[in-house]
Amino acid sequence: MNQRVVVRSLRALLPLTVATFAVAIGVHLTRAEQPPHLLAALLCAVYLLWMLAEARITVRHPAETSAENRTLLPYALARAGTGVSAVLWPLRWDRLSAWMVVPIALFLGAVAVRLVAIRTLGRFYSHHVVRYTDHTIVTTGPYRLVRHPAYTGMLLAHVGFVAYFLNPLSALLLVTLGAVLVWRIGVEERVLLDIPGYRGYASGRARLLPGVW
């Protein structure tokens, strides 16, 4: 797919997703006298701030030509669809439960991991799969533990988010997101293996979760 078409599609998808979350926040606030709905509004607000924090990266053209453009739009659609399907479904909870702490903590912690990973990678981070002419391997921060901590944070954040707003559609789309992510990582690593030193770096680290994959 043409890189320009992909960027334009992302620029159209972002405001639609932002608008959906803004509506969801408003809906939950109308029922804020019920604590689960107030928490839902706060989670939606954090998700929205997270999207806006990455917005500049999402919609910009990469500094150099992308090595591939097949995976980005399916990845973006799966990610947006998972979040949107979660917040548009009626909330299942009408009272607080200690169980709710688990998905909320997972969501917040995973978002923090992703943002730290993006900051650690610095100018080499892009939503596009790009091999820069001066590309070097980053092994600091969360990259000491796994090869793709930004993806780890993104996926686990959605696991926590979907667990709070749990419904069949968001669960199905979460599985789809995981499948698209596995595909994207495979494509991305074929590009990264051409970077001197990456093969040695990859041999001692899992892709997403130590001891799992």
# chains A, B, ... in the order shown; residues from 1 in each chain; ligands from 1
$ select_by_dssp --residues "stretch 50-205 of chain A" --states "alpha helix (DSSP H)" --output "MDAnalysis selection string"
chainID A and resid 50:59 72:88 101:121 149:164 168:192 198:203
$ closest_residue --among "A:Trp99, A:Tyr164, A:Trp89, A:Tyr201" --to "A:Val138" --atoms "only C-alpha atoms"
A:Tyr201
$ residues_around --residues "stretch 208-210 of chain A" --least-positions-apart "6" --cutoff "8 Å" --atoms "only C-alpha atoms" --output "list in words"
Leu145, Val146, Arg147, His148, Pro149, Tyr151 and Thr152 of chain A
$ write_last_selection --atoms "C-alpha atoms" --output "mmCIF file, in the first residue's frame"
data_model
loop_
_atom_site.group_PDB
_atom_site.id
_atom_site.type_symbol
_atom_site.label_atom_id
_atom_site.label_comp_id
_atom_site.auth_asym_id
_atom_site.auth_seq_id
_atom_site.Cartn_x
_atom_site.Cartn_y
_atom_site.Cartn_z
ATOM 1 C CA LEU A 145 14.322 -7.145 28.615
ATOM 2 C CA VAL A 146 12.352 -7.562 25.374
ATOM 3 C CA ARG A 147 12.788 -6.596 21.731
ATOM 4 C CA HIS A 148 9.471 -4.766 21.331
ATOM 5 C CA PRO A 149 8.430 -3.246 24.676
ATOM 6 C CA TYR A 151 4.156 -3.410 21.520
ATOM 7 C CA THR A 152 4.179 -5.188 24.881
#
$ closest_residue --among "A:Gly211, A:Gly81, A:Gly141, A:Pro90" --to "A:Leu16" --atoms "only C-alpha atoms"
A:Gly81
$ closest_residue --among "A:Arg205, A:Arg95, A:His127, A:His158" --to "A:Pro142" --atoms "only C-alpha atoms"
A:Arg205
$ closest_residue --among "A:Trp213, A:Phe165, A:Tyr198, A:Tyr143" --to "A:Ala41" --atoms "only C-alpha atoms"
A:Phe165
$ closest_residue --among "A:Ala98, A:Val7, A:Met154, A:Ala19" --to "A:Arg114" --atoms "only C-alpha atoms"
A:Met154
